[in-house]
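Student: Below is query_2.pdb; it holds PDB, C-alpha atoms.
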ATOM      1  CA  MET Z   1     141.249 -47.510  57.823
ATOM      2  CA  SER Z   2     137.846 -48.946  57.829
ATOM      3  CA  ARG Z   3     134.743 -46.927  58.510
ATOM      4  CA  GLY Z   4     134.176 -48.835  61.758
ATOM      5  CA  ALA Z   5     137.565 -47.830  63.074
ATOM      6  CA  ILE Z   6     136.958 -44.182  62.240
ATOM      7  CA  ALA Z   7     133.671 -44.260  64.052
ATOM      8  CA  LYS Z   8     135.237 -45.773  67.141
ATOM      9  CA  GLY Z   9     137.934 -43.105  67.125
ATOM     10  CA  ARG Z  10     135.403 -40.279  66.946
ATOM     11  CA  ALA Z  11     133.449 -41.838  69.822
ATOM     12  CA  ALA Z  12     136.560 -42.032  71.976
ATOM     13  CA  ALA Z  13     137.422 -38.429  71.307
ATOM     14  CA  GLY Z  14     133.896 -37.316  72.249
ATOM     15  CA  ALA Z  15     134.094 -39.269  75.457
ATOM     16  CA  ALA Z  16     137.368 -37.610  76.371
ATOM     17  CA  VAL Z  17     135.907 -34.144  75.806
ATOM     18  CA  ALA Z  18     132.878 -35.014  77.915
ATOM     19  CA  LEU Z  19     135.114 -36.251  80.711
ATOM     20  CA  ALA Z  20     137.130 -33.087  80.612
ATOM     21  CA  LEU Z  21     134.037 -30.931  80.800
ATOM     22  CA  ALA Z  22     132.790 -32.923  83.754
ATOM     23  CA  CYS Z  23     136.054 -32.352  85.621
ATOM     24  CA  GLY Z  24     135.849 -28.593  85.006
ATOM     25  CA  CYS Z  25     139.093 -28.247  83.136
ATOM     26  CA  THR Z  26     139.610 -26.401  79.919
ATOM     27  CA  ALA Z  27     142.491 -26.139  77.629
ATOM     28  CA  GLN Z  28     144.937 -23.354  78.542
ATOM     29  CA  ALA Z  29     147.160 -21.656  76.073
ATOM     30  CA  VAL Z  30     150.711 -21.632  77.385
ATOM     31  CA  ASP Z  31     153.368 -19.349  76.012
ATOM     32  CA  ARG Z  32     156.911 -20.272  75.501
ATOM     33  CA  ALA Z  33     157.932 -19.051  78.912
ATOM     34  CA  GLY Z  34     155.185 -21.062  80.558
ATOM     35  CA  GLY Z  35     153.136 -18.062  81.821
ATOM     36  CA  ASP Z  36     149.462 -17.354  81.339
ATOM     37  CA  ASP Z  37     148.769 -15.397  78.201
ATOM     38  CA  ARG Z  38     145.076 -14.750  79.004
ATOM     39  CA  LYS Z  39     142.817 -14.366  82.015
ATOM     40  CA  ALA Z  40     140.977 -17.344  83.271
ATOM     41  CA  SER Z  41     137.858 -17.970  81.301
ATOM     42  CA  PRO Z  42     134.610 -17.502  83.215
ATOM     43  CA  PRO Z  43     132.830 -20.665  84.306
ATOM     44  CA  PRO Z  44     130.221 -22.053  82.042
ATOM     45  CA  ARG Z  45     126.798 -20.393  82.054
ATOM     46  CA  ALA Z  46     125.161 -23.450  83.568
ATOM     47  CA  GLU Z  47     127.443 -23.391  86.568
ATOM     48  CA  ARG Z  48     126.861 -19.661  87.072
ATOM     49  CA  ASP Z  49     123.148 -20.099  87.009
ATOM     50  CA  ASN Z  50     123.165 -23.027  89.457
ATOM     51  CA  ALA Z  51     125.585 -21.421  91.905
ATOM     52  CA  THR Z  52     124.056 -20.352  95.290
ATOM     53  CA  PRO Z  53     124.804 -16.698  96.040
ATOM     54  CA  THR Z  54     126.790 -16.119  99.210
ATOM     55  CA  PRO Z  55     125.097 -13.417 101.405
ATOM     56  CA  ARG Z  56     127.294 -10.418 102.200
ATOM     57  CA  SER Z  57     126.142 -10.087 105.822
ATOM     58  CA  SER Z  58     123.514 -11.670 107.944
ATOM     59  CA  PRO Z  59     120.858  -9.043 108.883
ATOM     60  CA  THR Z  60     120.094  -8.645 112.613
ATOM     61  CA  PRO Z  61     116.373  -8.526 113.377
ATOM     62  CA  LYS Z  62     115.187  -5.380 115.250
ATOM     63  CA  VAL Z  63     113.949  -6.178 118.745
ATOM     64  CA  LYS Z  64     111.749  -3.653 120.616
ATOM     65  CA  SER Z  65     113.096  -2.724 124.041
ATOM     66  CA  PRO Z  66     110.869  -3.859 126.907
ATOM     67  CA  VAL Z  67     111.454  -0.585 128.843
ATOM     68  CA  SER Z  68     111.200   3.029 127.814
ATOM     69  CA  ARG Z  69     114.198   5.246 127.570
ATOM     70  CA  ALA Z  70     112.958   7.327 130.497
ATOM     71  CA  GLU Z  71     112.991   4.242 132.762
ATOM     72  CA  LEU Z  72     116.652   3.531 132.171
ATOM     73  CA  PRO Z  73     119.174   4.694 134.764
ATOM     74  CA  GLN Z  74     120.770   8.036 133.968
ATOM     75  CA  SER Z  75     124.156   6.383 133.492
ATOM     76  CA  GLU Z  76     122.689   3.801 131.076
ATOM     77  CA  ALA Z  77     120.380   6.105 129.197
ATOM     78  CA  PRO Z  78     121.714   6.857 125.734
ATOM     79  CA  ALA Z  79     122.839  10.387 125.288
ATOM     80  CA  PRO Z  80     120.467  12.359 123.115
ATOM     81  CA  ARG Z  81     121.734  13.213 119.732
ATOM     82  CA  SER Z  82     122.672  16.839 119.553
ATOM     83  CA  ALA Z  83     123.030  18.955 116.542
ATOM     84  CA  PRO Z  84     126.582  19.642 115.566
ATOM     85  CA  SER Z  85     127.668  22.612 117.619
ATOM     86  CA  GLU Z  86     128.702  25.699 115.763
ATOM     87  CA  PRO Z  87     131.811  27.482 116.875
ATOM     88  CA  ALA Z  88     130.823  30.048 119.508
ATOM     89  CA  GLU Z  89     131.249  33.628 118.423
ATOM     90  CA  PRO Z  90     133.483  35.686 120.638
ATOM     91  CA  PRO Z  91     131.500  38.215 122.757
ATOM     92  CA  ASP Z  92     131.501  41.778 121.638
ATOM     93  CA  PRO Z  93     134.206  43.681 123.383
ATOM     94  CA  ALA Z  94     132.867  46.085 126.006
ATOM     95  CA  PRO Z  95     132.996  49.686 124.817
ATOM     96  CA  ALA Z  96     135.953  51.441 126.174
ATOM     97  CA  ARG Z  97     134.977  53.950 128.825
ATOM     98  CA  PRO Z  98     136.141  57.431 128.036
ATOM     99  CA  ARG Z  99     138.626  58.666 130.477
ATOM    100  CA  ALA Z 100     137.260  61.311 132.778
ATOM    101  CA  THR Z 101     138.854  64.541 131.746
ATOM    102  CA  GLN Z 102     139.388  67.158 134.361
ATOM    103  CA  PRO Z 103     137.989  70.579 133.439
ATOM    104  CA  PRO Z 104     140.641  73.098 132.673
ATOM    105  CA  PRO Z 105     141.566  75.285 135.604
ATOM    106  CA  PRO Z 106     139.900  78.711 135.630
ATOM    107  CA  PRO Z 107     141.964  81.607 134.391
ATOM    108  CA  PRO Z 108     143.621  83.636 137.087
ATOM    109  CA  PRO Z 109     141.540  86.603 138.260
ATOM    110  CA  GLY Z 110     142.398  90.071 137.116
ATOM    111  CA  PRO Z 111     142.813  93.159 139.245
ATOM    112  CA  VAL Z 112     140.080  93.511 141.870
ATOM    113  CA  LEU Z 113     137.587  96.311 141.256
ATOM    114  CA  MET Z 114     135.119  95.709 144.115
ATOM    115  CA  GLU Z 115     135.125  93.629 147.284
ATOM    116  CA  GLN Z 116     133.318  93.399 150.616
ATOM    117  CA  GLY Z 117     133.067  96.760 152.355
ATOM    118  CA  LYS Z 118     132.937  98.736 149.101
ATOM    119  CA  ARG Z 119     130.128 101.283 148.693
ATOM    120  CA  GLY Z 120     128.920 103.470 145.868
ATOM    121  CA  THR Z 121     127.100 103.652 142.569
ATOM    122  CA  MET Z 122     129.368 101.042 140.913
ATOM    123  CA  VAL Z 123     128.365  98.491 143.561
ATOM    124  CA  ARG Z 124     124.736  99.367 142.947
ATOM    125  CA  GLU Z 125     125.219  98.773 139.218
ATOM    126  CA  LEU Z 126     126.901  95.424 139.976
ATOM    127  CA  GLN Z 127     123.920  94.379 142.073
ATOM    128  CA  ALA Z 128     121.437  95.540 139.426
ATOM    129  CA  ARG Z 129     123.225  93.556 136.702
ATOM    130  CA  LEU Z 130     123.397  90.446 138.883
ATOM    131  CA  ARG Z 131     119.681  90.938 139.565
ATOM    132  CA  GLN Z 132     118.996  90.800 135.823
ATOM    133  CA  LEU Z 133     120.523  87.288 135.790
ATOM    134  CA  ASP Z 134     118.654  86.274 138.978
ATOM    135  CA  TRP Z 135     121.843  85.975 141.035
ATOM    136  CA  PHE Z 136     121.074  88.940 143.302
ATOM    137  CA  ARG Z 137     117.472  88.789 144.538
ATOM    138  CA  GLN Z 138     117.337  91.917 146.657
ATOM    139  CA  HIS Z 139     117.014  95.566 145.803
ATOM    140  CA  PRO Z 140     120.365  97.165 145.017
ATOM    141  CA  THR Z 141     121.713  98.908 148.096
ATOM    142  CA  GLY Z 142     125.112 100.182 146.947
ATOM    143  CA  THR Z 143     126.862  98.231 149.730
ATOM    144  CA  TYR Z 144     129.110  95.235 148.943
ATOM    145  CA  GLY Z 145     128.221  92.806 151.742
ATOM    146  CA  PRO Z 146     128.141  89.006 152.211
ATOM    147  CA  VAL Z 147     125.019  88.618 150.057
ATOM    148  CA  THR Z 148     126.670  90.419 147.162
ATOM    149  CA  ALA Z 149     129.873  88.391 147.582
ATOM    150  CA  ALA Z 150     127.899  85.121 147.486
ATOM    151  CA  ALA Z 151     126.083  86.242 144.331
ATOM    152  CA  VAL Z 152     129.375  87.129 142.645
ATOM    153  CA  ALA Z 153     130.922  83.769 143.646
ATOM    154  CA  GLY Z 154     127.946  81.892 142.189
ATOM    155  CA  PHE Z 155     128.191  83.810 138.933
ATOM    156  CA  GLN Z 156     131.936  83.121 138.748
ATOM    157  CA  ALA Z 157     131.533  79.373 139.328
ATOM    158  CA  LYS Z 158     128.812  79.166 136.658
ATOM    159  CA  ARG Z 159     131.021  80.890 134.082
ATOM    160  CA  GLY Z 160     134.235  79.018 134.801
ATOM    161  CA  LEU Z 161     135.934  81.932 136.524
ATOM    162  CA  ALA Z 162     137.965  81.871 139.698
ATOM    163  CA  ARG Z 163     135.400  81.735 142.518
ATOM    164  CA  THR Z 164     136.669  84.457 144.818
ATOM    165  CA  GLY Z 165     133.521  86.464 145.587
ATOM    166  CA  GLU Z 166     135.469  89.577 144.596
ATOM    167  CA  THR Z 167     134.658  91.435 141.411
ATOM    168  CA  ASP Z 168     137.821  91.457 139.332
ATOM    169  CA  THR Z 169     138.212  92.755 135.781
ATOM    170  CA  ARG Z 170     137.465  89.362 134.191
ATOM    171  CA  THR Z 171     134.257  88.961 136.177
ATOM    172  CA  TRP Z 172     133.147  92.520 135.513
ATOM    173  CA  ASN Z 173     133.769  92.331 131.738
ATOM    174  CA  ARG Z 174     131.889  89.019 131.498
ATOM    175  CA  LEU Z 175     128.963  90.505 133.417
ATOM    176  CA  LEU Z 176     128.896  93.553 131.148
ATOM    177  CA  ARG Z 177     128.670  91.343 128.044
ATOM    178  CA  MET Z 178     125.764  89.347 129.453
ATOM    179  CA  THR Z 179     123.604  92.212 130.743
ATOM    180  CA  ARG Z 180     122.301  95.603 129.664
ATOM    181  CA  GLU Z 181     122.803  98.932 131.313
ATOM    182  CA  PRO Z 182     120.341  99.255 134.223
ATOM    183  CA  SER Z 183     117.835 102.099 134.214
ATOM    184  CA  ARG Z 184     117.594 104.553 137.086
ATOM    185  CA  TYR Z 185     114.560 102.711 138.391
ATOM    186  CA  GLU Z 186     116.443  99.396 138.322
ATOM    187  CA  LEU Z 187     119.332 100.952 140.203
ATOM    188  CA  TYR Z 188     116.976 102.419 142.792
ATOM    189  CA  PRO Z 189     113.856 100.202 142.764
ATOM    190  CA  ASP Z 190     113.332 100.793 146.483
ATOM    191  CA  GLY Z 191     114.238 104.463 146.564
ATOM    192  CA  GLY Z 192     117.362 106.323 147.510
ATOM    193  CA  MET Z 193     117.810 107.713 144.012
ATOM    194  CA  PRO Z 194     119.962 110.840 143.859
ATOM    195  CA  PRO Z 195     117.809 113.924 143.253
ATOM    196  CA  ALA Z 196     117.545 115.120 139.698
ATOM    197  CA  LYS Z 197     118.841 118.489 138.641
ATOM    198  CA  PRO Z 198     116.461 121.030 140.202
ATOM    199  CA  ASP Z 199     114.052 122.865 137.994
ATOM    200  CA  ARG Z 200     114.972 126.541 137.521
ATOM    201  CA  ARG Z 201     111.778 127.514 139.384
ATOM    202  CA  CYS Z 202     113.240 125.842 142.483
ATOM    203  CA  LEU Z 203     116.307 128.107 142.645
ATOM    204  CA  THR Z 204     114.633 131.044 144.369
ATOM    205  CA  GLY Z 205     112.513 131.317 147.532
ATOM    206  CA  ARG Z 206     111.105 128.498 149.662
ATOM    207  CA  VAL Z 207     110.186 125.575 147.442
ATOM    208  CA  LEU Z 208     109.146 121.945 147.716
ATOM    209  CA  CYS Z 209     111.038 120.796 144.602
ATOM    210  CA  ILE Z 210     109.533 117.451 143.464
ATOM    211  CA  SER Z 211     111.022 115.426 140.569
ATOM    212  CA  LYS Z 212     109.061 112.593 138.989
ATOM    213  CA  GLU Z 213     112.166 111.324 137.214
ATOM    214  CA  SER Z 214     114.213 110.742 140.356
ATOM    215  CA  ARG Z 215     111.126 110.237 142.586
ATOM    216  CA  THR Z 216     112.505 112.654 145.161
ATOM    217  CA  LEU Z 217     111.298 115.681 147.103
ATOM    218  CA  THR Z 218     113.963 118.265 147.951
ATOM    219  CA  TRP Z 219     113.246 121.060 150.386
ATOM    220  CA  MET Z 220     115.105 124.100 149.022
ATOM    221  CA  VAL Z 221     115.504 127.599 150.407
ATOM    222  CA  ASP Z 222     117.062 130.209 148.114
ATOM    223  CA  GLY Z 223     118.584 127.532 145.859
ATOM    224  CA  LYS Z 224     120.083 125.489 148.705
ATOM    225  CA  ALA Z 225     118.938 121.873 149.276
ATOM    226  CA  LEU Z 226     118.206 121.315 152.981
ATOM    227  CA  SER Z 227     116.753 117.783 152.886
ATOM    228  CA  THR Z 228     115.779 115.098 150.345
ATOM    229  CA  MET Z 229     113.352 112.187 150.707
ATOM    230  CA  ASP Z 230     111.798 109.447 148.561
ATOM    231  CA  VAL Z 231     108.299 109.990 147.201
ATOM    232  CA  ARG Z 232     105.812 108.167 145.002
ATOM    233  CA  PHE Z 233     102.963 109.482 142.899
ATOM    234  CA  GLY Z 234      99.491 108.655 141.665
ATOM    235  CA  SER Z 235      98.715 105.923 139.130
ATOM    236  CA  GLU Z 236      97.908 106.498 135.484
ATOM    237  CA  TYR Z 237      94.216 106.675 136.410
ATOM    238  CA  THR Z 238      94.757 109.204 139.214
ATOM    239  CA  PRO Z 239      97.940 111.038 138.157
ATOM    240  CA  THR Z 240      99.680 113.648 140.263
ATOM    241  CA  ARG Z 241      99.389 117.057 138.672
ATOM    242  CA  GLU Z 242     102.503 118.783 137.344
ATOM    243  CA  GLY Z 243     103.267 122.489 137.500
ATOM    244  CA  GLU Z 244     103.812 125.240 140.095
ATOM    245  CA  PHE Z 245     101.491 125.448 143.106
ATOM    246  CA  ARG Z 246     101.377 126.870 146.639
ATOM    247  CA  VAL Z 247     100.655 125.252 149.986
ATOM    248  CA  PHE Z 248      97.219 126.489 151.045
ATOM    249  CA  TRP Z 249      96.422 124.195 154.006
ATOM    250  CA  LYS Z 250      98.324 122.020 156.515
ATOM    251  CA  SER Z 251      96.601 119.230 158.511
ATOM    252  CA  ARG Z 252      98.650 117.243 161.025
ATOM    253  CA  HIS Z 253      96.169 114.378 161.624
ATOM    254  CA  HIS Z 254      94.170 114.492 158.425
ATOM    255  CA  VAL Z 255      91.935 111.602 157.277
ATOM    256  CA  SER Z 256      90.641 111.396 153.700
ATOM    257  CA  THR Z 257      86.852 111.715 153.569
ATOM    258  CA  LEU Z 258      86.866 110.341 150.009
ATOM    259  CA  TYR Z 259      88.927 107.178 150.644
ATOM    260  CA  ASP Z 260      88.633 107.001 154.452
ATOM    261  CA  THR Z 261      92.412 106.638 154.873
ATOM    262  CA  PRO Z 262      94.782 108.539 157.190
ATOM    263  CA  MET Z 263      96.895 111.322 155.647
ATOM    264  CA  PRO Z 264      99.186 112.497 158.505
ATOM    265  CA  TYR Z 265     101.334 115.620 157.998
ATOM    266  CA  ALA Z 266      99.249 116.625 154.993
ATOM    267  CA  MET Z 267     100.233 119.806 153.110
ATOM    268  CA  PHE Z 268      97.620 120.524 150.425
ATOM    269  CA  PHE Z 269      98.760 122.276 147.249
ATOM    270  CA  SER Z 270      96.065 121.579 144.549
ATOM    271  CA  GLY Z 271      92.456 120.642 145.352
ATOM    272  CA  GLY Z 272      92.528 117.366 147.264
ATOM    273  CA  GLN Z 273      96.152 116.560 146.365
ATOM    274  CA  ALA Z 274      98.708 116.985 149.130
ATOM    275  CA  VAL Z 275     102.171 115.976 150.286
ATOM    276  CA  HIS Z 276     101.723 113.566 153.239
ATOM    277  CA  TYR Z 277     103.114 110.523 155.024
ATOM    278  CA  SER Z 278     101.945 107.080 153.737
ATOM    279  CA  SER Z 279     102.191 103.949 155.843
ATOM    280  CA  ASP Z 280     101.364 101.930 152.718
ATOM    281  CA  PHE Z 281     104.391 103.399 150.934
ATOM    282  CA  ALA Z 282     106.542 102.565 153.963
ATOM    283  CA  ALA Z 283     105.309  98.945 153.881
ATOM    284  CA  ARG Z 284     105.012  98.187 150.151
ATOM    285  CA  GLY Z 285     107.428 100.572 148.522
ATOM    286  CA  TYR Z 286     106.884 101.299 144.848
ATOM    287  CA  GLY Z 287     104.622  98.304 144.482
ATOM    288  CA  GLY Z 288     101.663 100.610 145.049
ATOM    289  CA  ALA Z 289     100.576 104.116 144.095
ATOM    290  CA  SER Z 290      98.640 107.031 145.535
ATOM    291  CA  HIS Z 291      95.339 108.523 144.391
ATOM    292  CA  GLY Z 292      97.169 111.617 143.149
ATOM    293  CA  CYS Z 293      98.959 112.774 146.298
ATOM    294  CA  VAL Z 294     102.718 112.894 146.836
ATOM    295  CA  ASN Z 295     103.454 110.089 149.318
ATOM    296  CA  VAL Z 296     106.444 110.193 151.683
ATOM    297  CA  ARG Z 297     107.531 107.011 153.466
ATOM    298  CA  ASP Z 298     110.001 108.413 155.988
ATOM    299  CA  GLU Z 299     107.803 109.613 158.849
ATOM    300  CA  LYS Z 300     110.583 111.366 160.792
ATOM    301  CA  ARG Z 301     111.695 113.406 157.794
ATOM    302  CA  ILE Z 302     108.228 114.550 156.819
ATOM    303  CA  ALA Z 303     107.511 115.418 160.456
ATOM    304  CA  ARG Z 304     110.489 117.808 160.407
ATOM    305  CA  LEU Z 305     109.463 119.138 156.998
ATOM    306  CA  PHE Z 306     105.904 119.716 158.205
ATOM    307  CA  ARG Z 307     107.230 121.963 160.976
ATOM    308  CA  GLN Z 308     109.346 124.035 158.534
ATOM    309  CA  VAL Z 309     106.874 124.544 155.664
ATOM    310  CA  ARG Z 310     104.533 127.522 155.852
ATOM    311  CA  ASP Z 311     101.316 128.300 154.090
ATOM    312  CA  GLY Z 312     102.107 130.058 150.796
ATOM    313  CA  ASP Z 313     105.401 128.222 150.168
ATOM    314  CA  ARG Z 314     105.696 127.078 146.584
ATOM    315  CA  VAL Z 315     105.425 123.497 145.294
ATOM    316  CA  VAL Z 316     107.066 122.709 141.926
ATOM    317  CA  ILE Z 317     106.368 119.269 140.364
ATOM    318  CA  TYR Z 318     108.235 118.417 137.150
ATOM    319  CA  ARG Z 319     109.641 115.502 135.190
TER     320      ARG Z 319
END
Could you express the structure from this file as structure tokens?
Tutor:
Amino acid sequence: MSRGAIAKGRAAAGAAVALALACGCTAQAVDRAGGDDRKASPPPRAERDNATPTPRSSPTPKVKSPVSRAELPQSEAPAPRSAPSEPAEPPDPAPARPRATQPPPPPPPGPVLMEQGKRGTMVRELQARLRQLDWFRQHPTGTYGPVTAAAVAGFQAKRGLARTGETDTRTWNRLLRMTREPSRYELYPDGGMPPAKPDRRCLTGRVLCISKESRTLTWMVDGKALSTMDVRFGSEYTPTREGEFRVFWKSRHHVSTLYDTPMPYAMFFSGGQAVHYSSDFAARGYGGASHGCVNVRDEKRIARLFRQVRDGDRVVIYR
């Protein structure tokens, strides 16, 4: 083959390749079964560079609303964004109210010791003990009346006892544990105290036997007590003298020249000290005191005594 023929052949082959490239086809390797053995080759670099990219989505321009959100109708107004709501916690259960428990019933009362109509020293002690606890606000009288029954009922209700107003063994034992033994003056704060044992000097003759311990005057003749009455004495600054004396002067309508006070039924036994009636003692009781005399508050009794006592009769004052 001549050189000219070879050159023409090479030129024809180059033209074929150029035509193929212009048509976009490339040689594919085909296997025996006719399937693709490789992935399609990417397009040439020039084509990739000249290709116009296809936009993914066309952006919408933002347009400002001509009206404010407040001007929109309520139905057309957009709902405001709210924060995601948290699950509501269940409310705390209300505390269970404790069931009202009924107080236990009071124990049954024991045997009755004192009730209305009862009289005596035990009733007086009951009243004095109740007075210590401020349930009985009168002077003990020794008589179980409505006032005493009301005081006992109040004490029983306060202590969870059967409220009967009668003093049974349970009530009495509880009262004993809560109080102390009353003194003689607490039992008889307003008088009426039993006379003390007479002094041996009172056992003979005619004697005004006067005890400071029991605050009593007992008119005795030859050891026999004829009458007894309440008396009070002088204060610590003007004490009533103690000892054995004799009546030396009686004055029915006497008036003290020192204190300018009446001293009716006066029976003088030592200087200016005398046994006489005292209206102040009758009105105030033991809340006051004399200036050294022996005061009597029962005018009828001292009037009778004044008629019986003679000058020279003895007066014995002791503790």
Student: Find the spatial neighbours of segment 198-209 of chain Z, counting all atoms listed in the file, within a cut-off of 10 Å - ignore same-chain residues fewer than 6 positions away - and output them as an mmCIF file with C-alpha atoms, in the coordinates of the input.
Tutor:
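Result file is out-v2.cif:
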data_model
loop_
_atom_site.group_PDB
_atom_site.id
_atom_site.type_symbol
_atom_site.label_atom_id
_atom_site.label_comp_id
_atom_site.auth_asym_id
_atom_site.auth_seq_id
_atom_site.Cartn_x
_atom_site.Cartn_y
_atom_site.Cartn_z
ATOM 1 C CA THR Z 216 112.505 112.654 145.161
ATOM 2 C CA LEU Z 217 111.298 115.681 147.103
ATOM 3 C CA THR Z 218 113.963 118.265 147.951
ATOM 4 C CA TRP Z 219 113.246 121.060 150.386
ATOM 5 C CA MET Z 220 115.105 124.100 149.022
ATOM 6 C CA VAL Z 221 115.504 127.599 150.407
ATOM 7 C CA ASP Z 222 117.062 130.209 148.114
ATOM 8 C CA GLY Z 223 118.584 127.532 145.859
ATOM 9 C CA LYS Z 224 120.083 125.489 148.705
ATOM 10 C CA ALA Z 225 118.938 121.873 149.276
ATOM 11 C CA THR Z 228 115.779 115.098 150.345
ATOM 12 C CA GLU Z 244 103.812 125.240 140.095
ATOM 13 C CA PHE Z 245 101.491 125.448 143.106
ATOM 14 C CA ARG Z 246 101.377 126.870 146.639
ATOM 15 C CA VAL Z 247 100.655 125.252 149.986
ATOM 16 C CA VAL Z 275 102.171 115.976 150.286
ATOM 17 C CA LEU Z 305 109.463 119.138 156.998
ATOM 18 C CA VAL Z 309 106.874 124.544 155.664
ATOM 19 C CA ARG Z 310 104.533 127.522 155.852
ATOM 20 C CA GLY Z 312 102.107 130.058 150.796
ATOM 21 C CA ASP Z 313 105.401 128.222 150.168
ATOM 22 C CA ARG Z 314 105.696 127.078 146.584
ATOM 23 C CA VAL Z 315 105.425 123.497 145.294
ATOM 24 C CA VAL Z 316 107.066 122.709 141.926
ATOM 25 C CA ILE Z 317 106.368 119.269 140.364
ATOM 26 C CA TYR Z 318 108.235 118.417 137.150
ATOM 27 C CA ARG Z 319 109.641 115.502 135.190
#
Student: Quick one: of Z:Thr179, Z:Thr143, Z:Thr257, Z:Thr169, who's nearest to Pro111 of chain Z, counting all atoms listed in the file?
Tutor: Z:Thr169
Student: Set the distance at 9 Å and use all atoms listed in the file: which residues neighbour segment 260-273 of chain Z once local chain neighbours fewer than 6 positions away are removed? I'd like the list as a PDB file with C-alpha atoms, keeping the file's coordinate frame.
Tutor:
ATOM      1  CA  THR Z 240      99.680 113.648 140.263  1.00  0.00           C
ATOM      2  CA  ARG Z 241      99.389 117.057 138.672  1.00  0.00           C
ATOM      3  CA  PHE Z 245     101.491 125.448 143.106  1.00  0.00           C
ATOM      4  CA  ARG Z 246     101.377 126.870 146.639  1.00  0.00           C
ATOM      5  CA  VAL Z 247     100.655 125.252 149.986  1.00  0.00           C
ATOM      6  CA  PHE Z 248      97.219 126.489 151.045  1.00  0.00           C
ATOM      7  CA  TRP Z 249      96.422 124.195 154.006  1.00  0.00           C
ATOM      8  CA  LYS Z 250      98.324 122.020 156.515  1.00  0.00           C
ATOM      9  CA  SER Z 251      96.601 119.230 158.511  1.00  0.00           C
ATOM     10  CA  ARG Z 252      98.650 117.243 161.025  1.00  0.00           C
ATOM     11  CA  HIS Z 253      96.169 114.378 161.624  1.00  0.00           C
ATOM     12  CA  HIS Z 254      94.170 114.492 158.425  1.00  0.00           C
ATOM     13  CA  SER Z 279     102.191 103.949 155.843  1.00  0.00           C
ATOM     14  CA  HIS Z 291      95.339 108.523 144.391  1.00  0.00           C
ATOM     15  CA  GLY Z 292      97.169 111.617 143.149  1.00  0.00           C
ATOM     16  CA  CYS Z 293      98.959 112.774 146.298  1.00  0.00           C
ATOM     17  CA  VAL Z 294     102.718 112.894 146.836  1.00  0.00           C
ATOM     18  CA  GLU Z 299     107.803 109.613 158.849  1.00  0.00           C
ATOM     19  CA  ILE Z 302     108.228 114.550 156.819  1.00  0.00           C
ATOM     20  CA  ALA Z 303     107.511 115.418 160.456  1.00  0.00           C
ATOM     21  CA  LEU Z 305     109.463 119.138 156.998  1.00  0.00           C
ATOM     22  CA  PHE Z 306     105.904 119.716 158.205  1.00  0.00           C
ATOM     23  CA  VAL Z 309     106.874 124.544 155.664  1.00  0.00           C
ATOM     24  CA  ASP Z 311     101.316 128.300 154.090  1.00  0.00           C
ATOM     25  CA  ARG Z 314     105.696 127.078 146.584  1.00  0.00           C
ATOM     26  CA  VAL Z 315     105.425 123.497 145.294  1.00  0.00           C
TER      27      VAL Z 315
END
Student: Could you work out how far atom CA of Leu130 of chain Z lies from atom CA of Arg180 of chain Z, giving the answer in Å with one decimal?
Tutor: 10.6 Å
Student: Determine, counting only C-alpha atoms, which protein, DNA and RNA residues have an atom within 12 Å of an atom of Phe155 of chain Z; residues of the same chain fewer than 5 positions away are not included. Present the result as a list in words.
Tutor: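 The filter keeps Leu126, Gln127, Arg129, Leu130, Arg131, Gln132, Leu133, Asp134, Trp135, Phe136, Thr148, Ala149, Ala150, Gly160, Leu161, Ala162, Arg163, Thr164, Gly165, Glu166, Thr167, Arg170, Thr171, Trp172, Arg174, Leu175 and Met178 of chain Z.
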Student: Is it possible to add N, CA, C and O atoms to segment 193-199 of chain Z and hand it back as a tab-separated table (two decimals), in the coordinates of the input?
Tutor:
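The result, stored in selection06.tsv:
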chain	number	residue	atom	x	y	z
Z	193	MET	N	117.24	107.18	145.23
Z	193	MET	CA	117.81	107.71	144.01
Z	193	MET	C	118.32	109.13	144.24
Z	193	MET	O	117.67	109.94	144.92
Z	194	PRO	N	119.47	109.46	143.72
Z	194	PRO	CA	119.96	110.84	143.86
Z	194	PRO	C	118.97	111.82	143.23
Z	194	PRO	O	118.35	111.51	142.21
Z	195	PRO	N	118.78	112.96	143.82
Z	195	PRO	CA	117.81	113.92	143.25
Z	195	PRO	C	118.24	114.39	141.88
Z	195	PRO	O	119.44	114.52	141.59
Z	196	ALA	N	117.25	114.61	141.03
Z	196	ALA	CA	117.54	115.12	139.70
Z	196	ALA	C	117.96	116.58	139.78
Z	196	ALA	O	117.83	117.24	140.83
Z	197	LYS	N	118.47	117.08	138.69
Z	197	LYS	CA	118.84	118.49	138.64
Z	197	LYS	C	117.60	119.34	138.91
Z	197	LYS	O	116.55	119.11	138.30
Z	198	PRO	N	117.66	120.26	139.85
Z	198	PRO	CA	116.46	121.03	140.20
Z	198	PRO	C	115.97	121.90	139.04
Z	198	PRO	O	116.75	122.44	138.26
Z	199	ASP	N	114.65	121.97	138.97
Z	199	ASP	CA	114.05	122.86	137.99
Z	199	ASP	C	114.44	124.31	138.32
Z	199	ASP	O	114.66	124.67	139.49
